[in-house]
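Enquirer: Please find one structure pasted underneath; my questions will follow.
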Amino acid sequence: MPDSRLRRARARVAAAIGVSALLGTAAIAAGPVGSAQAAPRPAAAADCSVPYRIEQKLDGGTTWRMCWHYESKAGLVLDDVSYQPKGESAPIKVLTSAKLGQIHVPYDDGSNEYDDLTGQGFAQGLQQLDPAECPGGTIKTVRVPDAWDPDHPDVKGLCATTRARGHAYRMGEDDLGAGGRNKVYQLQGKDLLLYTVNKVGWYEYITEWRFAGDGTMTMQVGATGTLSPMDYDAGDGRGWPIGKGAKDYATSHAHNVFWRLNFGLDGSPKSKVEQYDSKTTATAGRIPKTKTTRTAVGKELAGDAAAARWWRVVSTAGKNKDGHPRSYEIVPGHTTKYQGRSFTKHDVYFTEYNRCEQFASNNLRNCGAGAGKSVDRWVNGQTLKHPIVWVNIGFHHIARDEDQEPMPVHWQGFQLAARDVTAMNPLTPPALSGHNGHTEEAR
């Protein structure tokens with residue numbers, strides 16, 4: 001995209017946010033003001049004032065609590081995220097903070113490369129949301145730091161709502177009951193959904209954070225908007241023909257999205273990281289056998305996903321009622337790994353906490369001589385005592401006719417799955433609450 005990308009983006013965003021003039025607070029972290037959007041103060045709330053607090057009780061009895069603020073580069077940041085299923089006497093702390101760590105956009109023809117968070121005004125491109133975009137929820141007002149229109153820095157731009165997820169579980173009993181039908185246990189779940197829309201150039205990024213009743217967290221970014229009308233070049237041999245015939249070729253490019261997660265399981269930053277690898281061996285005439293091995297990740301790691309590999313972050317401060325350490329498993333979504341830069345060549349990074357290390361590329365802070373400006377440079381053998389998790393999910397965007405116009409949303413993201421956070425499924429119906437461990441009747 002030409003150098004006018006940022007200038008055009010600023011002009012469009014300034015016009016969009018100019019229609020809102022609601023009050024907000026703080027210069028580097030901002031949110032709604034006014035009792036109309038305030039929620040009742042929970043018994044065990046995250047440490048933040050009412051306008052910045054989110055609390056939602058979901059079907060099945062689970063309550064999620066967290067705080068939020070808005071930064072001048074990262075945009076929306078979630079703080080002090082806790083999860084309280086039914087049967088737990090107190091919230092279980094999960095994350096100290098969670099935010100985007102970068103959106104890196106290199107073009108296939110080598111003409112341009114962007115770091116949308118730290119170089120292209122991602123946070124300033126916060127869009128005002130229409131009420132129809134947040135059905136059944138609340139749109140919170142955000143004060144945007146360094147707003148492109150300083151006379152109108154307040155944007156109704158954060159949706160907090162719930163959204164159906166379909167089956168949370170289903171299980172039918174084998175024994176027939178009255179009327180010759182077996183009893184079915186099932187629950188249609190809803191997630192707490194938080195999202196913002198940020199415009200960068202011609203793209204609009206929908207950043208979603210979803211929290212489910214069973215403890216699962218889903219983080220994803222959807223790209224929509226429109227193709228840049230200036231990114232057509234039939235001569236580079238890399239694009240895709242858009243429009244009639246084969247005259248206009250849209251330039252292909254990548255969206256490499258990073259998330260930065262600061263865990264605080266059970267209120268402690270001193271988590272452990274473990275890697276699991278499964279290997280299947282086959283012997284002629286026999287059923288193949290699979291063995292899974294666990295490797296403690298004691299030092300900083302740049303990790304590569306494999307077909308039978310996964311990682312988890314493990315609490316050192318708490319266990320569930322079965323006596324098992326609580327943990328969260330990282331479940332990457334589909335990704336296209338970009339090989340053009342060293343910081344995009346790995347799927348996950350575990351680095352020791354350093355306040356200076358905030359963005360996966362083009363990190364703006366001065367972290368000292370030789371520290372580098374990207375996450376790959378920070379993996380240098382330090383012992384992991386307070387691990388920071390960086391997840392990298394890539395998408396190679398080869399445009400298509402259907403991208404005009406507006407462009408259908410293409411999603412990229414991952415999940416954090418609860419592993420031993422509770423002793424049973426936190427949504428288990430009362431009739432099955434005794435089915436913990438081996439329950440087969442002795443014969």
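FYI, nothing fancy with the structure tokens labels: chains A, B, ... in order, residues from 1 per chain, ligands from 1 as they appear.
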Tell me, which residues of segment 68-182 of chain A carry DSSP strand (DSSP E), written as a ChimeraX atom specification?
Expert: /A:68-71,75-84,92-106,113-115,138-143,154-176,182
Enquirer: Env of Leu126 of chain A: 8 Å cut, atoms = only C-alpha atoms, seq-sep filter 4 positions within chain, self excluded. Answer as a ChimeraX atom specification.
Expert: /A:13,17,122,144,155,157,196-199
Enquirer: Next, write the just-selected residues to a file, as a short mmCIF file (atom, residue, chain, number, x, y, z; two decimals), in the first residue's frame, keeping C-alpha atoms as the atom set.
Expert:
```cif
data_model
loop_
_atom_site.label_atom_id
_atom_site.label_comp_id
_atom_site.auth_asym_id
_atom_site.auth_seq_id
_atom_site.Cartn_x
_atom_site.Cartn_y
_atom_site.Cartn_z
CA VAL A 13 -11.14 7.77 11.42
CA ILE A 17 -15.25 9.52 15.65
CA PHE A 122 -4.36 1.07 15.25
CA VAL A 144 -8.74 7.27 22.90
CA VAL A 155 -15.73 6.84 21.20
CA GLY A 157 -16.36 1.62 20.83
CA THR A 196 -13.70 -3.46 19.43
CA VAL A 197 -13.35 -2.43 15.78
CA ASN A 198 -10.19 -0.57 14.75
CA LYS A 199 -9.63 0.88 11.30
#
```
Enquirer: So that I can see what lies close to segment 423-425 of chain A, please list as a list of chain:residue names the residues with an atom at most 8 Å from it, counting only C-alpha atoms and leaving out residues fewer than 4 positions away in the same chain.
Expert: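 What passes the distance filter is A:Asp214, A:Asn320, A:Lys321, A:Asp322, A:Asn436.
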Enquirer: Take the selection from the previous step and output its residues with all heavy atoms, as a tab-separated table (two decimals), in the first residue's frame.
Expert:
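Contents of the output file out-v9.tsv:
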```
chain	number	residue	atom	x	y	z
A	214	ASP	N	-17.42	-23.01	30.53
A	214	ASP	CA	-16.55	-24.11	30.94
A	214	ASP	C	-15.10	-23.67	31.14
A	214	ASP	O	-14.21	-24.50	31.32
A	214	ASP	CB	-16.60	-25.25	29.92
A	214	ASP	CG	-16.12	-24.83	28.53
A	214	ASP	OD1	-15.66	-23.69	28.35
A	214	ASP	OD2	-16.21	-25.67	27.60
A	320	ASN	N	-6.95	-27.92	42.00
A	320	ASN	CA	-8.39	-28.12	42.04
A	320	ASN	C	-8.75	-29.07	43.17
A	320	ASN	O	-7.89	-29.54	43.92
A	320	ASN	CB	-8.91	-28.61	40.68
A	320	ASN	CG	-8.43	-30.02	40.32
A	320	ASN	OD1	-7.97	-30.78	41.18
A	320	ASN	ND2	-8.53	-30.35	39.05
A	321	LYS	N	-10.04	-29.41	43.31
A	321	LYS	CA	-10.49	-30.22	44.44
A	321	LYS	C	-10.04	-31.67	44.34
A	321	LYS	O	-10.16	-32.43	45.31
A	321	LYS	CB	-12.00	-30.12	44.56
A	321	LYS	CG	-12.47	-28.72	44.96
A	321	LYS	CD	-13.99	-28.62	44.98
A	321	LYS	CE	-14.42	-27.19	45.34
A	321	LYS	NZ	-15.90	-27.03	45.34
A	322	ASP	N	-9.52	-32.08	43.19
A	322	ASP	CA	-8.93	-33.41	43.05
A	322	ASP	C	-7.45	-33.43	43.38
A	322	ASP	O	-6.80	-34.46	43.29
A	322	ASP	CB	-9.13	-33.93	41.62
A	322	ASP	CG	-10.53	-34.45	41.36
A	322	ASP	OD1	-11.26	-34.67	42.34
A	322	ASP	OD2	-10.89	-34.64	40.19
A	436	ASN	N	-17.35	-38.55	39.40
A	436	ASN	CA	-15.97	-38.03	39.37
A	436	ASN	C	-15.01	-39.21	39.54
A	436	ASN	O	-15.05	-39.91	40.55
A	436	ASN	CB	-15.76	-37.01	40.49
A	436	ASN	CG	-14.37	-36.36	40.39
A	436	ASN	OD1	-13.73	-36.41	39.36
A	436	ASN	ND2	-13.94	-35.77	41.49
```
Enquirer: Determine, for each residue of segment 195-252 of chain A having at least one atom at most 12 Å from an atom of segment 327-345 of chain A, the closest pair of atoms and their separation in Å to one decimal, counting only C-alpha atoms; order by chain and ascending number, as a tab-separated table.
Expert:
```
residue	atom	partner	partner_atom	distance
A:Gly215	CA	A:Tyr328	CA	9.2
A:Thr216	CA	A:Tyr328	CA	8.8
A:Met217	CA	A:Tyr328	CA	9.6
A:Thr218	CA	A:Val331	CA	9.3
A:Met219	CA	A:Gly333	CA	9.8
A:Gln220	CA	A:Gly333	CA	9.1
A:Val221	CA	A:Gly333	CA	11.4
```
Enquirer: Just checking: using only C-alpha atoms, which residue out of A:Lys373, A:Ala302, A:Val314, A:Pro387 ends up closest to Asp347 of chain A?
Expert: A:Ala302
Enquirer: Find the distance between atom CA of Asn354 of chain A and atom CA of Leu76 of chain A and write it in Å to one decimal.
Expert: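 For atom CA of Asn354 of chain A relative to atom CA of Leu76 of chain A, the distance reads 20.1 Å.
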Enquirer: For a test of reading the model, state the distance in Å between atom CA of Thr161 of chain A and atom CA of Leu117 of chain A, rounded to one decimal.
Expert: 25.2 Å
Enquirer: If we count only C-alpha atoms and set the cut-off at 9 Å, which residues sit around Val184 of chain A, ignoring sequence neighbours fewer than 5 positions away in its own chain? Please answer as a list in words.
Expert: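 The contact residues come out as Arg170, Met171, Gly172 and Glu173 of chain A.
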Enquirer: Which neighbours of Ile92 of chain A fall inside 12 Å, counting only C-alpha atoms, when residues of the same chain fewer than 5 positions from it are skipped, and could you give them as a PyMOL selection string?
Expert: chain A and resi 44-46+62-66+80-87+215+263-268+315+317-320+326-327+418+421-422
Enquirer: From the DSSP assignment of the backbone, select every residue of segment 91-258 of chain A that is helix (DSSP H, G or I), and format the answer as a list in words.
Expert: Asp116, Leu117, Thr118, Gly119, Ala123, Gln124, Gly125, Pro131, Ala132, Glu133, Ala178, Gly179 and Gly180 of chain A
Enquirer: Any chance you could export the current selection's N, CA, C and O atoms as a CSV table (one decimal), in the first residue's frame?
Expert:
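Saved to again.csv:
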```
chain,number,residue,atom,x,y,z
A,116,ASP,N,1.0,-2.6,12.4
A,116,ASP,CA,-0.2,-1.7,12.5
A,116,ASP,C,-0.4,-1.2,13.9
A,116,ASP,O,-1.0,-0.1,14.0
A,117,LEU,N,0.0,-1.9,14.9
A,117,LEU,CA,-0.2,-1.4,16.3
A,117,LEU,C,0.8,-0.2,16.6
A,117,LEU,O,0.4,0.8,17.1
A,118,THR,N,2.1,-0.4,16.3
A,118,THR,CA,3.0,0.6,16.8
A,118,THR,C,3.5,1.5,15.7
A,118,THR,O,4.2,2.4,15.9
A,119,GLY,N,2.9,1.3,14.4
A,119,GLY,CA,3.4,2.2,13.4
A,119,GLY,C,2.3,2.8,12.5
A,119,GLY,O,2.5,3.7,11.7
A,123,ALA,N,-4.7,2.0,17.5
A,123,ALA,CA,-5.6,2.4,18.6
A,123,ALA,C,-6.4,3.6,18.3
A,123,ALA,O,-7.5,3.7,18.7
A,124,GLN,N,-5.8,4.5,17.6
A,124,GLN,CA,-6.5,5.8,17.2
A,124,GLN,C,-7.6,5.5,16.2
A,124,GLN,O,-8.5,6.4,16.1
A,125,GLY,N,-7.6,4.4,15.6
A,125,GLY,CA,-8.6,4.0,14.6
A,125,GLY,C,-9.8,3.4,15.2
A,125,GLY,O,-10.6,2.8,14.5
A,131,PRO,N,-25.7,0.5,17.8
A,131,PRO,CA,-26.3,-0.4,18.8
A,131,PRO,C,-26.7,-1.7,18.2
A,131,PRO,O,-26.7,-2.7,18.9
A,132,ALA,N,-27.0,-1.8,16.9
A,132,ALA,CA,-27.3,-3.1,16.3
A,132,ALA,C,-26.1,-4.1,16.3
A,132,ALA,O,-26.3,-5.3,16.1
A,133,GLU,N,-24.9,-3.5,16.4
A,133,GLU,CA,-23.7,-4.4,16.5
A,133,GLU,C,-23.5,-5.0,17.8
A,133,GLU,O,-22.6,-5.9,17.9
A,178,ALA,N,-39.4,-43.1,31.2
A,178,ALA,CA,-40.8,-43.1,30.9
A,178,ALA,C,-41.1,-42.8,29.5
A,178,ALA,O,-40.4,-42.0,28.8
A,179,GLY,N,-42.0,-43.6,28.9
A,179,GLY,CA,-42.3,-43.4,27.5
A,179,GLY,C,-41.4,-44.0,26.6
A,179,GLY,O,-41.4,-43.8,25.3
A,180,GLY,N,-40.4,-44.8,27.1
A,180,GLY,CA,-39.5,-45.5,26.3
A,180,GLY,C,-38.4,-44.6,25.7
A,180,GLY,O,-37.8,-44.9,24.7
```
Enquirer: Counting only C-alpha atoms, what is within 12 Å of Asp248 of chain A, bar same-chain residues fewer than 3 positions away, as an NGL selection string?
Expert: :A and (229-245 or 251 or 399-401)
Enquirer: Selected residues, all heavy atoms, written as a compact mmCIF listing (two decimals), in the first residue's frame, please.
Expert:
```
# COMPACT_ATOMS: atom_id res chain seq x y z
N PRO A 229 -8.08 0.36 -2.95
CA PRO A 229 -8.20 0.56 -4.39
C PRO A 229 -6.87 0.92 -5.06
O PRO A 229 -6.79 0.94 -6.28
CB PRO A 229 -9.19 1.74 -4.48
CG PRO A 229 -9.04 2.46 -3.19
CD PRO A 229 -8.76 1.40 -2.16
N MET A 230 -5.84 1.17 -4.25
CA MET A 230 -4.53 1.52 -4.80
C MET A 230 -3.59 0.33 -4.90
O MET A 230 -2.48 0.47 -5.36
CB MET A 230 -3.90 2.61 -3.93
CG MET A 230 -4.69 3.91 -3.92
SD MET A 230 -4.09 5.10 -2.70
CE MET A 230 -4.66 4.31 -1.18
N ASP A 231 -4.05 -0.85 -4.44
CA ASP A 231 -3.19 -2.02 -4.41
C ASP A 231 -3.43 -2.95 -5.59
O ASP A 231 -3.52 -4.17 -5.44
CB ASP A 231 -3.39 -2.79 -3.10
CG ASP A 231 -2.62 -2.16 -1.96
OD1 ASP A 231 -1.73 -1.34 -2.23
OD2 ASP A 231 -2.90 -2.48 -0.80
N TYR A 232 -3.52 -2.41 -6.78
CA TYR A 232 -3.72 -3.23 -7.97
C TYR A 232 -2.53 -3.02 -8.90
O TYR A 232 -2.19 -1.89 -9.27
CB TYR A 232 -5.02 -2.85 -8.68
CG TYR A 232 -6.24 -3.22 -7.88
CD1 TYR A 232 -6.79 -2.35 -6.96
CD2 TYR A 232 -6.84 -4.47 -8.05
CE1 TYR A 232 -7.91 -2.70 -6.21
CE2 TYR A 232 -7.96 -4.84 -7.31
CZ TYR A 232 -8.49 -3.94 -6.40
OH TYR A 232 -9.59 -4.29 -5.67
N ASP A 233 -1.89 -4.12 -9.27
CA ASP A 233 -0.73 -4.04 -10.15
C ASP A 233 -0.65 -5.33 -10.94
O ASP A 233 -0.26 -6.38 -10.42
CB ASP A 233 0.55 -3.84 -9.32
CG ASP A 233 1.79 -3.77 -10.20
OD1 ASP A 233 1.64 -3.80 -11.44
OD2 ASP A 233 2.89 -3.69 -9.64
N ALA A 234 -1.04 -5.27 -12.21
CA ALA A 234 -1.05 -6.48 -13.03
C ALA A 234 0.34 -6.93 -13.42
O ALA A 234 0.50 -8.00 -14.00
CB ALA A 234 -1.88 -6.22 -14.29
N GLY A 235 1.35 -6.15 -13.09
CA GLY A 235 2.69 -6.48 -13.56
C GLY A 235 3.56 -7.23 -12.57
O GLY A 235 4.65 -7.68 -12.94
N ASP A 236 3.14 -7.37 -11.32
CA ASP A 236 4.06 -7.98 -10.35
C ASP A 236 4.01 -9.50 -10.35
O ASP A 236 4.86 -10.16 -9.76
CB ASP A 236 3.81 -7.44 -8.94
CG ASP A 236 2.47 -7.87 -8.34
OD1 ASP A 236 1.76 -8.67 -8.99
OD2 ASP A 236 2.15 -7.42 -7.23
N GLY A 237 3.00 -10.10 -10.99
CA GLY A 237 2.94 -11.55 -11.09
C GLY A 237 2.58 -12.25 -9.80
O GLY A 237 2.70 -13.48 -9.72
N ARG A 238 2.17 -11.52 -8.77
CA ARG A 238 1.91 -12.14 -7.46
C ARG A 238 0.46 -12.02 -7.02
O ARG A 238 0.03 -12.74 -6.14
CB ARG A 238 2.80 -11.49 -6.40
CG ARG A 238 4.28 -11.74 -6.60
CD ARG A 238 5.11 -11.04 -5.52
NE ARG A 238 6.51 -11.38 -5.62
CZ ARG A 238 7.37 -10.77 -6.41
NH1 ARG A 238 6.96 -9.78 -7.19
NH2 ARG A 238 8.63 -11.14 -6.45
N GLY A 239 -0.27 -11.12 -7.58
CA GLY A 239 -1.62 -10.86 -7.11
C GLY A 239 -2.65 -11.80 -7.70
O GLY A 239 -2.35 -12.84 -8.29
N TRP A 240 -3.92 -11.42 -7.55
CA TRP A 240 -5.05 -12.21 -8.00
C TRP A 240 -5.99 -11.28 -8.77
O TRP A 240 -6.26 -10.17 -8.31
CB TRP A 240 -5.77 -12.80 -6.79
CG TRP A 240 -6.75 -13.89 -7.13
CD1 TRP A 240 -8.08 -13.73 -7.44
CD2 TRP A 240 -6.49 -15.28 -7.21
NE1 TRP A 240 -8.67 -14.94 -7.69
CE2 TRP A 240 -7.72 -15.93 -7.55
CE3 TRP A 240 -5.36 -16.08 -7.01
CZ2 TRP A 240 -7.82 -17.31 -7.71
CZ3 TRP A 240 -5.47 -17.44 -7.16
CH2 TRP A 240 -6.68 -18.05 -7.51
N PRO A 241 -6.48 -11.73 -9.93
CA PRO A 241 -7.33 -10.82 -10.71
C PRO A 241 -8.66 -10.56 -10.01
O PRO A 241 -9.37 -11.48 -9.63
CB PRO A 241 -7.53 -11.58 -12.02
CG PRO A 241 -7.31 -13.03 -11.68
CD PRO A 241 -6.27 -13.02 -10.59
N ILE A 242 -8.98 -9.28 -9.83
CA ILE A 242 -10.22 -8.85 -9.21
C ILE A 242 -10.96 -7.97 -10.22
O ILE A 242 -10.39 -7.04 -10.80
CB ILE A 242 -9.95 -8.04 -7.92
CG1 ILE A 242 -9.17 -8.88 -6.92
CG2 ILE A 242 -11.26 -7.57 -7.30
CD1 ILE A 242 -9.88 -10.09 -6.39
N GLY A 243 -12.23 -8.24 -10.41
CA GLY A 243 -12.99 -7.49 -11.40
C GLY A 243 -13.03 -8.24 -12.73
O GLY A 243 -12.65 -9.41 -12.82
N LYS A 244 -13.48 -7.58 -13.76
CA LYS A 244 -13.69 -8.23 -15.05
C LYS A 244 -12.36 -8.53 -15.73
O LYS A 244 -11.46 -7.70 -15.76
CB LYS A 244 -14.56 -7.36 -15.95
CG LYS A 244 -15.98 -7.15 -15.41
CD LYS A 244 -16.84 -6.39 -16.39
CE LYS A 244 -18.25 -6.18 -15.83
NZ LYS A 244 -18.93 -7.46 -15.60
N GLY A 245 -12.26 -9.75 -16.26
CA GLY A 245 -11.08 -10.14 -17.00
C GLY A 245 -9.86 -10.32 -16.11
O GLY A 245 -9.96 -10.71 -14.95
N THR A 251 -2.90 -6.93 -4.78
CA THR A 251 -1.63 -7.37 -4.23
C THR A 251 -1.86 -8.26 -3.02
O THR A 251 -2.57 -7.90 -2.08
CB THR A 251 -0.78 -6.15 -3.81
OG1 THR A 251 -0.65 -5.28 -4.93
CG2 THR A 251 0.59 -6.60 -3.35
N ALA A 399 -6.33 -12.15 -2.32
CA ALA A 399 -7.68 -11.60 -2.50
C ALA A 399 -8.48 -12.43 -3.51
O ALA A 399 -7.93 -13.19 -4.31
CB ALA A 399 -7.59 -10.16 -2.94
N ARG A 400 -9.79 -12.26 -3.48
CA ARG A 400 -10.72 -12.99 -4.35
C ARG A 400 -11.84 -12.04 -4.74
O ARG A 400 -12.02 -10.97 -4.15
CB ARG A 400 -11.28 -14.21 -3.61
CG ARG A 400 -11.91 -13.81 -2.29
CD ARG A 400 -12.40 -14.97 -1.48
NE ARG A 400 -12.98 -14.49 -0.22
CZ ARG A 400 -13.95 -15.10 0.43
NH1 ARG A 400 -14.46 -16.23 -0.03
NH2 ARG A 400 -14.41 -14.61 1.56
N ASP A 401 -12.60 -12.42 -5.75
CA ASP A 401 -13.70 -11.56 -6.18
C ASP A 401 -14.67 -11.25 -5.05
O ASP A 401 -15.22 -10.15 -4.96
CB ASP A 401 -14.46 -12.23 -7.33
CG ASP A 401 -13.79 -12.02 -8.69
OD1 ASP A 401 -13.00 -11.06 -8.81
OD2 ASP A 401 -14.05 -12.80 -9.61
```
